[in-house]
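Source file target-v4.cif; content: mmCIF, C-alpha atoms.
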```cif
data_entry
#
loop_
_atom_site.label_atom_id
_atom_site.label_comp_id
_atom_site.auth_asym_id
_atom_site.auth_seq_id
_atom_site.Cartn_x
_atom_site.Cartn_y
_atom_site.Cartn_z
CA MET A 1244 112.18 132.68 135.86
CA GLU A 1245 112.97 135.46 133.37
CA ILE A 1246 112.48 134.93 129.64
CA ASN A 1247 113.69 137.07 126.77
CA LEU A 1248 111.89 136.12 123.56
CA GLU A 1249 112.93 137.02 120.01
CA LYS A 1250 110.29 136.17 117.41
CA SER A 1251 110.38 135.76 113.65
CA ASP A 1252 108.04 134.07 111.19
CA ARG A 1253 109.73 130.68 111.37
CA LEU A 1254 111.96 130.88 114.49
CA TRP A 1255 111.54 131.74 118.17
CA LEU A 1256 114.70 132.27 120.26
CA ALA A 1257 114.00 132.11 123.99
CA THR A 1258 116.72 132.99 126.53
CA LEU A 1259 115.86 131.65 129.98
CA HIS A 1260 117.29 132.71 133.37
CA GLY A 1261 116.17 130.82 136.47
CA LYS A 1262 115.10 127.38 137.60
CA LEU A 1263 112.97 125.10 135.42
CA ASP A 1264 111.24 123.66 138.46
CA ALA A 1265 107.45 123.29 138.64
CA HIS A 1266 106.92 127.03 139.25
CA GLY A 1267 109.46 128.22 136.72
CA THR A 1268 108.07 125.87 134.10
CA GLN A 1269 104.55 127.27 134.61
CA ILE A 1270 105.89 130.73 133.78
CA ALA A 1271 107.80 129.39 130.75
CA GLN A 1272 104.74 127.56 129.44
CA ARG A 1273 102.71 130.79 129.47
CA GLU A 1274 105.41 132.56 127.46
CA LEU A 1275 106.44 129.75 125.13
CA ASN A 1276 103.36 128.92 123.11
CA PRO A 1277 104.44 129.50 119.52
CA PRO A 1278 101.80 129.44 116.77
CA LEU A 1279 101.73 126.54 114.32
CA GLU A 1280 103.54 128.44 111.56
CA VAL A 1281 106.66 128.74 113.75
CA ARG A 1282 108.69 125.68 112.76
CA ASN A 1283 111.83 126.10 114.90
CA VAL A 1284 112.47 126.98 118.55
CA ILE A 1285 115.89 127.61 120.15
CA LEU A 1286 116.04 127.53 123.94
CA ASP A 1287 119.14 129.25 125.36
CA LEU A 1288 119.51 127.49 128.73
CA ALA A 1289 122.95 128.76 129.75
CA GLY A 1290 121.25 130.69 132.58
CA VAL A 1291 119.25 127.69 133.87
CA PRO A 1292 121.02 125.89 136.76
CA TYR A 1293 118.17 123.52 137.70
CA LEU A 1294 115.87 121.21 135.70
CA SER A 1295 113.10 118.89 136.91
CA SER A 1296 110.53 116.67 135.26
CA ALA A 1297 108.29 119.70 134.79
CA GLY A 1298 110.94 121.29 132.57
CA LEU A 1299 111.42 118.04 130.68
CA ARG A 1300 107.69 117.98 129.92
CA LEU A 1301 108.01 121.49 128.50
CA PHE A 1302 110.84 120.34 126.22
CA LEU A 1303 108.76 117.38 125.03
CA ILE A 1304 105.74 119.60 124.29
CA LEU A 1305 107.84 122.05 122.26
CA HIS A 1306 109.67 119.21 120.51
CA LYS A 1307 106.38 117.61 119.46
CA GLN A 1308 105.01 120.91 118.20
CA CYS A 1309 108.14 121.68 116.17
CA ARG A 1310 108.17 118.19 114.68
CA ALA A 1311 104.51 118.56 113.66
CA GLY A 1312 105.59 121.52 111.51
CA GLU A 1313 108.66 119.64 110.21
CA GLY A 1314 110.85 121.92 112.34
CA ARG A 1315 113.27 121.53 115.24
CA LEU A 1316 113.70 122.31 118.92
CA ILE A 1317 117.36 122.97 119.82
CA LEU A 1318 118.60 123.20 123.41
CA VAL A 1319 121.60 125.49 123.86
CA GLY A 1320 124.22 125.70 126.60
CA LEU A 1321 122.88 123.12 129.04
CA GLN A 1322 124.68 123.30 132.40
CA PRO A 1323 126.16 120.03 133.79
CA TYR A 1324 123.36 119.47 136.33
CA CYS A 1325 120.68 119.84 133.66
CA GLN A 1326 122.64 117.64 131.27
CA GLU A 1327 122.75 114.93 133.94
CA VAL A 1328 118.97 115.23 134.51
CA LEU A 1329 118.51 114.57 130.79
CA ARG A 1330 120.79 111.53 130.99
CA ILE A 1331 119.18 109.83 133.98
CA SER A 1332 115.69 110.50 132.58
CA GLY A 1333 116.59 108.60 129.39
CA LEU A 1334 116.18 111.71 127.21
CA ALA A 1335 119.83 112.51 126.52
CA THR A 1336 119.43 111.77 122.80
CA ALA A 1337 115.82 112.92 122.45
CA PHE A 1338 116.61 116.59 121.76
CA ASP A 1339 118.97 118.40 119.42
CA GLN A 1340 121.62 120.40 121.26
CA ALA A 1341 124.18 123.10 120.50
CA GLU A 1342 126.89 124.81 122.54
CA THR A 1343 126.01 128.34 121.43
CA VAL A 1344 123.07 130.15 119.86
CA ALA A 1345 125.22 130.81 116.80
CA ASP A 1346 125.82 127.05 116.43
CA ALA A 1347 122.08 126.41 116.73
CA ARG A 1348 121.31 128.97 114.04
CA ARG A 1349 123.86 127.33 111.74
CA GLN A 1350 122.15 123.96 112.28
CA LEU A 1351 118.93 125.47 110.96
CA GLU A 1352 120.50 127.00 107.86
CA PRO A 1353 120.11 125.14 104.54
CA VAL A 1354 123.20 123.15 103.51
CA GLU A 1355 124.58 124.09 100.12
CA ALA A 1356 125.56 120.86 98.36
CA GLY A 1357 127.68 122.27 95.54
CA GLN A 1358 126.41 125.09 93.36
CA SER A 1359 123.12 123.62 92.23
CA LEU A 1360 121.54 121.90 95.25
CA THR A 1361 120.17 123.00 98.63
CA LEU A 1362 119.46 120.59 101.49
CA GLU A 1363 117.25 121.52 104.44
CA VAL A 1364 117.60 118.91 107.17
CA THR A 1365 115.07 117.89 109.84
CA PRO A 1366 116.26 115.23 112.33
CA GLY A 1367 114.12 112.13 112.67
CA SER A 1368 114.47 109.17 115.02
CA PRO A 1369 117.78 108.14 116.65
CA GLU A 1370 116.73 104.48 116.40
CA PRO A 1371 119.16 102.46 114.24
CA GLY A 1372 117.86 101.20 110.89
CA ALA A 1373 118.70 98.33 108.58
CA ILE A 1374 118.07 96.82 105.16
CA GLU A 1375 116.32 93.44 105.37
CA VAL A 1376 117.00 91.21 102.39
CA MET A 1377 114.90 88.31 101.15
CA GLY A 1378 116.57 86.17 98.49
CA HIS A 1379 119.60 87.12 96.41
CA ILE A 1380 119.87 89.40 93.39
CA GLU A 1381 122.08 86.78 91.69
CA ASP A 1382 119.12 84.39 91.53
CA VAL A 1383 117.34 87.08 89.51
CA LEU A 1384 120.32 87.85 87.26
CA ALA A 1385 120.98 84.16 86.59
CA SER A 1386 117.26 83.55 85.89
CA ARG A 1387 117.03 80.72 88.37
CA ILE A 1388 113.97 81.69 90.44
CA THR A 1389 111.99 78.57 91.40
CA PRO A 1390 108.82 78.13 93.47
CA GLU A 1391 110.99 77.35 96.50
CA LEU A 1392 112.65 80.79 96.24
CA VAL A 1393 109.39 82.74 96.13
CA HIS A 1394 107.91 83.94 99.41
CA SER A 1395 104.82 85.88 100.41
CA LYS A 1396 104.95 89.17 102.28
CA THR A 1397 102.05 91.14 103.67
CA PHE A 1398 101.73 94.70 102.44
CA PHE A 1399 102.34 96.47 105.73
CA ALA A 1400 105.40 94.33 106.48
CA THR A 1401 107.01 95.93 103.42
CA GLU A 1402 106.23 99.63 103.73
CA TYR A 1403 109.29 100.75 101.73
CA SER A 1404 111.08 98.23 99.56
CA LEU A 1405 112.17 97.20 96.06
CA GLY A 1406 112.67 93.91 94.32
CA LEU A 1407 111.17 91.35 91.95
CA GLY A 1408 107.59 90.30 92.46
CA ALA A 1409 103.96 89.98 91.47
CA MET A 1410 100.46 89.89 92.88
CA ALA A 1411 98.65 86.62 92.26
CA PRO A 1412 96.46 84.11 94.12
CA SER A 1413 99.33 81.61 94.30
CA VAL A 1414 103.09 81.31 93.76
CA GLU A 1415 102.42 79.22 90.64
CA ASP A 1416 100.32 82.05 89.18
CA ALA A 1417 102.96 84.64 90.07
CA LEU A 1418 106.02 82.91 88.63
CA PRO A 1419 105.43 83.53 84.89
CA VAL A 1420 104.72 87.27 85.29
CA MET A 1421 107.12 88.45 88.01
CA GLY A 1422 108.82 91.75 87.22
CA GLU A 1423 110.20 94.92 88.76
CA MET A 1424 108.28 95.78 91.94
CA MET A 1425 108.34 98.20 94.83
CA THR A 1426 106.37 99.18 97.90
CA ILE A 1427 105.99 102.78 99.01
CA GLY A 1428 103.96 103.61 102.09
CA GLY A 1429 102.49 100.09 101.96
CA THR A 1430 101.29 100.45 98.36
CA MET A 1431 102.61 97.73 96.03
CA VAL A 1432 103.42 98.61 92.39
CA TRP A 1433 104.84 96.13 89.88
CA LEU A 1434 105.58 95.73 86.18
CA PRO A 1435 104.16 92.37 84.98
CA THR A 1436 106.26 90.54 82.42
CA ASP A 1437 103.18 89.63 80.40
CA GLY A 1438 104.21 91.52 77.26
CA ASN A 1439 101.85 94.45 77.82
CA ASP A 1440 104.35 96.84 79.48
CA THR A 1441 101.58 98.10 81.78
CA PRO A 1442 102.34 98.49 85.50
CA ASP A 1443 99.78 97.27 88.02
CA TYR A 1444 99.26 98.29 91.64
CA LEU A 1445 97.18 97.83 94.76
CA VAL A 1446 96.56 100.38 97.53
CA PRO A 1447 95.49 98.35 100.59
CA HIS A 1448 93.78 99.69 103.69
CA ALA A 1449 94.15 96.45 105.64
CA ASP A 1450 96.49 93.46 105.59
CA SER A 1451 95.50 90.01 104.33
CA ASP A 1452 96.97 86.52 104.46
CA LEU A 1453 95.48 85.75 101.05
CA VAL A 1454 96.22 88.92 99.05
CA THR A 1455 99.99 89.19 99.46
CA ILE A 1456 103.14 90.21 97.63
CA ARG A 1457 104.81 87.23 95.94
CA THR A 1458 108.52 87.98 95.71
CA GLY A 1459 111.66 86.19 94.67
CA PHE A 1460 113.91 89.04 95.84
CA ASN A 1461 113.18 91.98 98.10
CA ALA A 1462 115.24 94.60 99.94
CA ALA A 1463 113.17 96.44 102.56
CA LEU A 1464 113.89 99.46 104.75
CA ALA A 1465 113.63 98.51 108.43
CA GLY A 1466 113.33 101.15 111.11
CA PRO A 1467 112.22 104.79 111.23
CA PHE A 1468 113.88 107.52 109.20
CA ASN A 1469 116.86 109.15 110.95
CA ASP A 1470 116.77 112.40 108.93
CA TYR A 1471 114.42 114.15 106.52
CA PHE A 1472 115.76 116.28 103.68
CA HIS A 1473 113.97 118.95 101.69
CA VAL A 1474 116.07 119.11 98.52
CA ARG A 1475 115.86 121.79 95.84
CA SER A 1476 117.98 122.29 92.75
CA ALA A 1477 118.85 125.71 91.38
CA PRO A 1478 116.23 127.27 89.06
CA GLY A 1479 116.44 125.82 85.58
CA GLU A 1480 118.65 122.95 86.74
CA ALA A 1481 118.10 119.36 87.85
CA ILE A 1482 120.25 116.82 89.65
CA THR A 1483 120.71 113.17 88.75
CA MET A 1484 119.94 110.36 91.17
CA SER A 1485 123.67 109.75 91.36
CA GLY A 1486 124.32 113.40 92.22
CA LEU A 1487 121.54 113.43 94.80
CA TYR A 1488 122.95 110.40 96.59
CA ARG A 1489 126.43 111.92 96.48
CA ALA A 1490 125.11 115.05 98.23
CA LEU A 1491 123.42 112.89 100.90
CA PHE A 1492 126.57 110.79 101.34
CA ASP A 1493 128.74 113.90 101.73
CA PHE A 1494 126.35 115.39 104.28
CA ALA A 1495 126.28 112.15 106.27
CA LYS A 1496 130.07 111.80 106.30
CA ALA A 1497 130.44 115.35 107.61
CA ASN A 1498 127.57 115.44 110.09
CA ARG A 1499 126.35 111.98 111.13
CA PRO A 1500 128.77 109.76 113.13
CA GLN A 1501 126.41 106.79 112.76
CA PHE A 1502 126.84 106.79 108.95
CA ARG A 1503 128.58 103.56 107.90
CA GLY A 1504 128.43 103.90 104.11
CA ALA A 1505 124.88 102.90 103.18
CA LEU A 1506 121.59 104.80 102.98
CA GLY A 1507 118.01 103.59 102.67
CA ILE A 1508 115.67 106.22 101.25
CA ALA A 1509 112.04 106.92 100.43
CA MET A 1510 111.03 110.12 98.68
CA ARG A 1511 108.34 112.21 97.07
CA ALA A 1512 109.95 114.11 94.20
CA ASP A 1513 109.43 116.46 91.29
CA VAL A 1514 111.11 114.52 88.49
CA GLU A 1515 112.28 116.47 85.44
CA ALA A 1516 113.26 113.38 83.43
CA VAL A 1517 112.65 109.67 84.08
CA TYR A 1518 115.21 107.20 82.75
CA GLY A 1519 114.05 103.70 83.51
CA CYS A 1520 114.74 100.05 82.92
CA GLY A 1521 112.57 96.96 83.17
CA VAL A 1522 113.03 93.22 82.83
CA ILE A 1523 110.98 91.83 79.90
CA TYR A 1524 110.78 88.17 80.95
CA SER A 1525 110.24 86.65 84.37
CA PRO A 1526 113.69 85.45 85.48
CA ILE A 1527 112.53 81.96 86.42
CA ALA A 1528 114.56 78.82 85.83
CA GLY A 1529 112.47 77.83 82.82
CA ASN A 1530 113.33 81.12 81.05
CA ALA A 1531 117.09 81.05 81.65
CA PRO A 1532 119.19 82.11 78.62
CA ALA A 1533 120.38 79.18 76.53
CA ASN A 1534 123.98 80.43 76.66
CA GLY A 1535 124.05 79.96 80.44
CA LYS A 1536 125.08 83.56 81.12
CA TRP A 1537 123.39 86.16 83.29
CA ILE A 1538 120.57 88.20 81.83
CA THR A 1539 122.75 91.32 82.33
CA ASP A 1540 125.57 89.84 80.23
CA PRO A 1541 126.11 91.89 77.02
CA SER A 1542 125.03 88.88 74.97
CA ASN A 1543 121.62 88.82 76.71
CA PHE A 1544 120.95 92.29 78.07
CA LYS A 1545 119.17 93.85 75.07
CA ASP A 1546 116.90 90.81 74.71
CA TRP A 1547 116.00 90.75 78.39
CA PHE A 1548 115.63 94.43 79.28
CA GLU A 1549 113.80 97.46 78.03
CA PHE A 1550 115.83 100.55 78.94
CA ASP A 1551 115.56 104.27 78.18
CA GLU A 1552 118.12 106.17 76.15
CA ALA A 1553 115.77 109.19 76.04
CA PRO A 1554 113.48 110.26 78.92
CA ARG A 1555 110.46 108.01 79.27
CA ASN A 1556 108.53 110.71 81.14
CA ARG A 1557 109.11 114.41 81.84
CA ASN A 1558 107.96 116.71 84.63
CA VAL A 1559 106.12 114.13 86.71
CA THR A 1560 105.66 113.46 90.41
CA GLY A 1561 107.59 110.42 91.62
CA LEU A 1562 107.53 108.17 94.67
CA ILE A 1563 110.86 106.39 95.02
CA SER A 1564 112.25 103.65 97.27
CA GLY A 1565 115.94 102.84 97.18
CA VAL A 1566 119.24 102.02 98.78
CA GLY A 1567 122.72 103.27 98.01
CA LEU A 1568 126.36 102.52 98.86
CA ASP A 1569 129.18 105.05 99.20
CA HIS A 1570 132.33 103.26 98.05
CA SER A 1571 134.55 105.98 99.50
CA VAL A 1572 133.63 104.56 102.94
CA ASP A 1573 134.92 101.30 104.41
CA LEU A 1574 132.00 98.89 104.00
CA SER A 1575 133.68 95.88 105.61
CA GLY A 1576 131.59 96.24 108.76
CA TYR A 1577 128.47 95.03 106.94
CA ASP A 1578 127.62 91.35 106.50
CA SER A 1579 128.83 90.74 102.94
CA ARG A 1580 126.23 88.00 102.34
CA TYR A 1581 123.33 90.42 102.49
CA LEU A 1582 125.21 93.42 101.12
CA GLU A 1583 126.13 91.54 97.96
CA ALA A 1584 122.60 90.14 97.72
CA THR A 1585 121.19 93.67 97.31
CA PHE A 1586 123.25 95.37 94.58
CA TYR A 1587 124.27 94.69 90.99
CA ILE A 1588 125.81 96.51 88.05
CA ASN A 1589 123.13 97.57 85.56
CA PRO A 1590 124.66 97.87 82.06
CA ALA A 1591 122.16 100.61 81.16
CA ASN A 1592 123.81 102.97 83.64
CA GLN A 1593 126.31 104.84 81.51
CA GLY A 1594 128.17 106.65 84.29
CA SER A 1595 130.86 105.20 86.55
CA GLN A 1596 129.67 103.30 89.63
CA ALA A 1597 133.10 103.40 91.24
CA MET A 1598 132.10 105.93 93.92
CA GLU A 1599 128.46 105.04 94.53
CA GLN A 1600 126.30 102.03 93.78
CA LEU A 1601 122.54 102.56 93.73
CA HIS A 1602 119.40 100.45 93.50
CA ASN A 1603 116.16 102.46 93.15
CA HIS A 1604 112.62 101.84 91.93
CA GLY A 1605 110.06 104.56 91.26
CA VAL A 1606 106.37 104.98 90.49
CA PHE A 1607 105.24 108.12 88.64
CA PHE A 1608 102.11 110.25 88.43
CA THR A 1609 101.08 113.31 86.45
CA HIS A 1610 102.59 116.34 88.12
CA LEU A 1611 101.10 117.46 91.43
CA PRO A 1612 102.06 120.78 93.08
CA PHE A 1613 104.80 120.43 95.67
CA PRO A 1614 103.45 121.70 99.02
CA ASP A 1615 105.40 124.48 100.68
CA PRO A 1616 106.36 123.72 103.32
CA PRO A 1617 105.99 119.97 102.85
CA ARG A 1618 103.98 118.03 105.39
CA SER A 1619 105.26 114.75 106.85
CA LEU A 1620 106.73 112.38 104.27
CA GLU A 1621 104.13 109.74 105.06
CA THR A 1622 101.35 112.30 104.58
CA GLU A 1623 102.82 113.44 101.25
CA ILE A 1624 103.17 109.89 99.94
CA ALA A 1625 99.60 109.01 100.96
CA ALA A 1626 98.31 112.20 99.27
CA VAL A 1627 100.08 111.39 95.99
CA VAL A 1628 98.80 107.81 95.97
CA GLU A 1629 95.28 109.01 96.74
CA ALA A 1630 95.08 111.96 94.31
CA GLY A 1631 97.69 111.18 91.66
CA ASP A 1632 96.98 110.10 88.09
CA PHE A 1633 99.13 106.96 87.64
CA VAL A 1634 101.62 107.08 84.75
CA ASN A 1635 104.43 104.57 85.03
CA MET A 1636 106.70 102.39 87.19
CA ARG A 1637 110.32 101.39 86.55
CA HIS A 1638 113.68 100.43 87.96
CA LEU A 1639 115.40 103.83 87.94
CA LEU A 1640 118.64 104.53 86.16
CA ASP A 1641 121.12 106.81 87.89
CA SER A 1642 120.65 109.45 85.15
CA THR A 1643 117.04 110.19 86.25
CA ARG A 1644 116.87 113.93 87.00
CA ILE A 1645 115.14 115.54 89.99
CA THR A 1646 114.42 119.20 90.77
CA ARG A 1647 112.83 118.95 94.23
CA ALA A 1648 112.32 116.19 96.77
CA TRP A 1649 111.16 115.42 100.31
CA ILE A 1650 113.30 112.48 101.42
CA GLY A 1651 113.35 110.17 104.42
CA VAL A 1652 116.81 108.71 105.06
CA ILE A 1653 117.92 105.74 107.13
CA TYR A 1654 121.63 105.56 108.00
CA VAL A 1655 121.87 101.80 107.54
CA GLN A 1656 123.58 100.04 110.45
CA GLU A 1657 123.29 96.52 109.06
CA PHE A 1658 122.20 94.39 106.12
CA ARG A 1659 120.41 91.31 107.45
CA ALA A 1660 118.00 88.54 106.55
CA ASP A 1661 114.33 89.46 106.28
CA SER A 1662 112.32 87.70 108.97
CA LYS A 1663 108.95 89.07 107.78
CA VAL A 1664 108.26 86.44 105.14
CA SER A 1665 106.05 83.39 105.15
CA MET A 1666 106.72 80.21 103.26
CA PRO A 1667 104.78 79.62 100.00
#
```
Turn this file's structure into structure tokens for me.
Amino acid sequence: MEINLEKSDRLWLATLHGKLDAHGTQIAQRELNPPLEVRNVILDLAGVPYLSSAGLRLFLILHKQCRAGEGRLILVGLQPYCQEVLRISGLATAFDQAETVADARRQLEPVEAGQSLTLEVTPGSPEPGAIEVMGHIEDVLASRITPELVHSKTFFATEYSLGLGAMAPSVEDALPVMGEMMTIGGTMVWLPTDGNDTPDYLVPHADSDLVTIRTGFNAALAGPFNDYFHVRSAPGEAITMSGLYRALFDFAKANRPQFRGALGIAMRADVEAVYGCGVIYSPIAGNAPANGKWITDPSNFKDWFEFDEAPRNRNVTGLISGVGLDHSVDLSGYDSRYLEATFYINPANQGSQAMEQLHNHGVFFTHLPFPDPPRSLETEIAAVVEAGDFVNMRHLLDSTRITRAWIGVIYVQEFRADSKVSMP
């Protein structure tokens, strides 16, 4: 086994010649022990004709180390025999691959999304994800929520979600005050419709069958994140939520065959300007508008919603859960019952929703420094919840502006019914 190693601060390129059998792997392990600050490793394996389980263990060790630093291991030029060893071992999709070293280097370069946005991509899990829907958004918009339509969800069954809900000892207690709600990393935040315009929240450390989320509508991310994006706007600029989703959609269409037109996201973001919206009254049957029209109808909207025409908050740290549709993609493969149950047209969004349709909720804190490089998304979210000074929570309008974000993305394979609910 011969190894040629090129080192830089963030990347090691190792060119291997010889067999990755037990002996060859021992030699490689002694050479390939990058320090923690090295995020990415490229293994040029064009000169490796043989691979055994010992070599696979080396790949797994390097892959785990790179992932811990939010980096990547890329295997280059695998010969047919080695490729077949990967396949029969069940690891064919476990590692990123490239045909040439130049291709691998290009995979590690930031993606320029237009002139004002840079995306750095870290692959996540290949496991397919979904959006699980409880209830129907039309029951909210028609103000026809009844006790029978309200269900209870435990906190850790709804790690990332958005919807309508409340925390209360019983469904009867929750009904009069249900408002915009979200979960982010298992933390539940909601905007009670009690007239005080003061969000409430609970950060649990254990689940409970008594202290639960009471919800009349909920759309939850199901499955691990498929990609992570470190997003930065150009200095002095910011990008809208609509523009951010468009950049993610365009990347997915160009680079991810599993993309079917919908994304589920969770993010930690530096937010330059928050434009929000919140329902004022609980949309229960007893509060339904006398004219029989939806609460989003022009005749009712201004009475039912508080919405921002100027930024509600500036230069804050945000935690955001959401889902978006790219209407330039054929969406007919999704189950229309659950797709249509998730989205609606919000009259406060001034821009066109012809190309993308978004549904996002966010909770905001006084600004916290953005770590460089960012740690895992889950770690960042937990750190903000633990250390942040709580400011606000709202349904987000598409005009909300972001300068930097660490985003987990699910390429949604299906919209389906939520099975993680219990009856009232």
Shell around Arg1475 in chain A at 6 Å using all atoms listed in the file, local window under 5 positions removed, as number ranges by chain: A: 1360-1361, 1646-1647
In the coordinates of the file, take the point (135.7, 100.9, 101.8) and a cut-off of 12 Å; then, counting all atoms listed in the file, name each qualifying protein, DNA or RNA residue as a ChimeraX atom specification. /A:1503-1505,1568-1577,1597-1599
A:Ile1380, A:Phe1494, A:Asn1603, A:Leu1334: which is nearest Ser1404 in chain A, counting only C-alpha atoms? A:Asn1603
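Matched in the shown structure by the PyMOL selection byres ((chain A and resi 1615) around 12): A:Glu1280, A:Gly1312, A:Glu1313, A:His1473, A:Arg1475, A:Pro1612, A:Phe1613, A:Pro1614, A:Pro1616, A:Pro1617, A:Arg1618, A:Ser1619, A:Glu1623, A:Arg1647, A:Ala1648, A:Trp1649.
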Name all residues at most 9 Å from Pro1277 in chain A (count only C-alpha atoms; drop same-chain ones fewer than 6 positions away) and give them as a VMD selection string. chain A and resid 1255 1284 1305 1308
Spell out the residues picked by the PyMOL selection byres ((chain A and resi 1565) around 10) here, as a short mmCIF file (atom, residue, chain, number, x, y, z; two decimals) with C-alpha atoms, in the coordinates of the input.
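Output file expr-v8.cif follows:
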```cif
data_model
loop_
_atom_site.label_atom_id
_atom_site.label_comp_id
_atom_site.auth_asym_id
_atom_site.auth_seq_id
_atom_site.Cartn_x
_atom_site.Cartn_y
_atom_site.Cartn_z
CA TYR A 1403 109.29 100.75 101.73
CA SER A 1404 111.08 98.23 99.56
CA LEU A 1405 112.17 97.20 96.06
CA GLY A 1406 112.67 93.91 94.32
CA MET A 1425 108.34 98.20 94.83
CA ALA A 1462 115.24 94.60 99.94
CA ALA A 1463 113.17 96.44 102.56
CA LEU A 1464 113.89 99.46 104.75
CA LEU A 1506 121.59 104.80 102.98
CA GLY A 1507 118.01 103.59 102.67
CA ILE A 1508 115.67 106.22 101.25
CA ALA A 1509 112.04 106.92 100.43
CA MET A 1510 111.03 110.12 98.68
CA ILE A 1563 110.86 106.39 95.02
CA SER A 1564 112.25 103.65 97.27
CA VAL A 1566 119.24 102.02 98.78
CA GLY A 1567 122.72 103.27 98.01
CA LEU A 1601 122.54 102.56 93.73
CA HIS A 1602 119.40 100.45 93.50
CA ASN A 1603 116.16 102.46 93.15
CA HIS A 1604 112.62 101.84 91.93
CA GLY A 1605 110.06 104.56 91.26
CA HIS A 1638 113.68 100.43 87.96
CA LEU A 1639 115.40 103.83 87.94
CA VAL A 1652 116.81 108.71 105.06
#
```
Would you mind telling me which residue in A:Phe1492, A:Pro1590, A:Val1517, A:Ser1525 lies nearest to Lys1545 in chain A when using all atoms listed in the file?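 Of the candidates, the smallest distance to Lys1545 in chain A is held by A:Pro1590.
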If you count only C-alpha atoms, which residues fall within 10 Å of Tyr1518 in chain A, apart from same-chain ones fewer than 2 positions away, as a list in words?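 Near Tyr1518 in chain A, the qualifying residues are Ala1516, Cys1520, Phe1550, Asp1551, Glu1552, Ala1553, Pro1554, Arg1555, Asn1556, Arg1557, Ala1591, Asn1592, Arg1637, His1638, Leu1639, Leu1640, Asp1641, Ser1642, Thr1643 and Arg1644 of chain A.
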Could the residues in this selection be written to a file with C-alpha atoms, as an mmCIF file, in the coordinates of the input?
```cif
data_model
loop_
_atom_site.group_PDB
_atom_site.id
_atom_site.type_symbol
_atom_site.label_atom_id
_atom_site.label_comp_id
_atom_site.auth_asym_id
_atom_site.auth_seq_id
_atom_site.Cartn_x
_atom_site.Cartn_y
_atom_site.Cartn_z
ATOM 1 C CA ALA A 1516 113.260 113.380 83.430
ATOM 2 C CA CYS A 1520 114.740 100.050 82.920
ATOM 3 C CA PHE A 1550 115.830 100.550 78.940
ATOM 4 C CA ASP A 1551 115.560 104.270 78.180
ATOM 5 C CA GLU A 1552 118.120 106.170 76.150
ATOM 6 C CA ALA A 1553 115.770 109.190 76.040
ATOM 7 C CA PRO A 1554 113.480 110.260 78.920
ATOM 8 C CA ARG A 1555 110.460 108.010 79.270
ATOM 9 C CA ASN A 1556 108.530 110.710 81.140
ATOM 10 C CA ARG A 1557 109.110 114.410 81.840
ATOM 11 C CA ALA A 1591 122.160 100.610 81.160
ATOM 12 C CA ASN A 1592 123.810 102.970 83.640
ATOM 13 C CA ARG A 1637 110.320 101.390 86.550
ATOM 14 C CA HIS A 1638 113.680 100.430 87.960
ATOM 15 C CA LEU A 1639 115.400 103.830 87.940
ATOM 16 C CA LEU A 1640 118.640 104.530 86.160
ATOM 17 C CA ASP A 1641 121.120 106.810 87.890
ATOM 18 C CA SER A 1642 120.650 109.450 85.150
ATOM 19 C CA THR A 1643 117.040 110.190 86.250
ATOM 20 C CA ARG A 1644 116.870 113.930 87.000
#
```
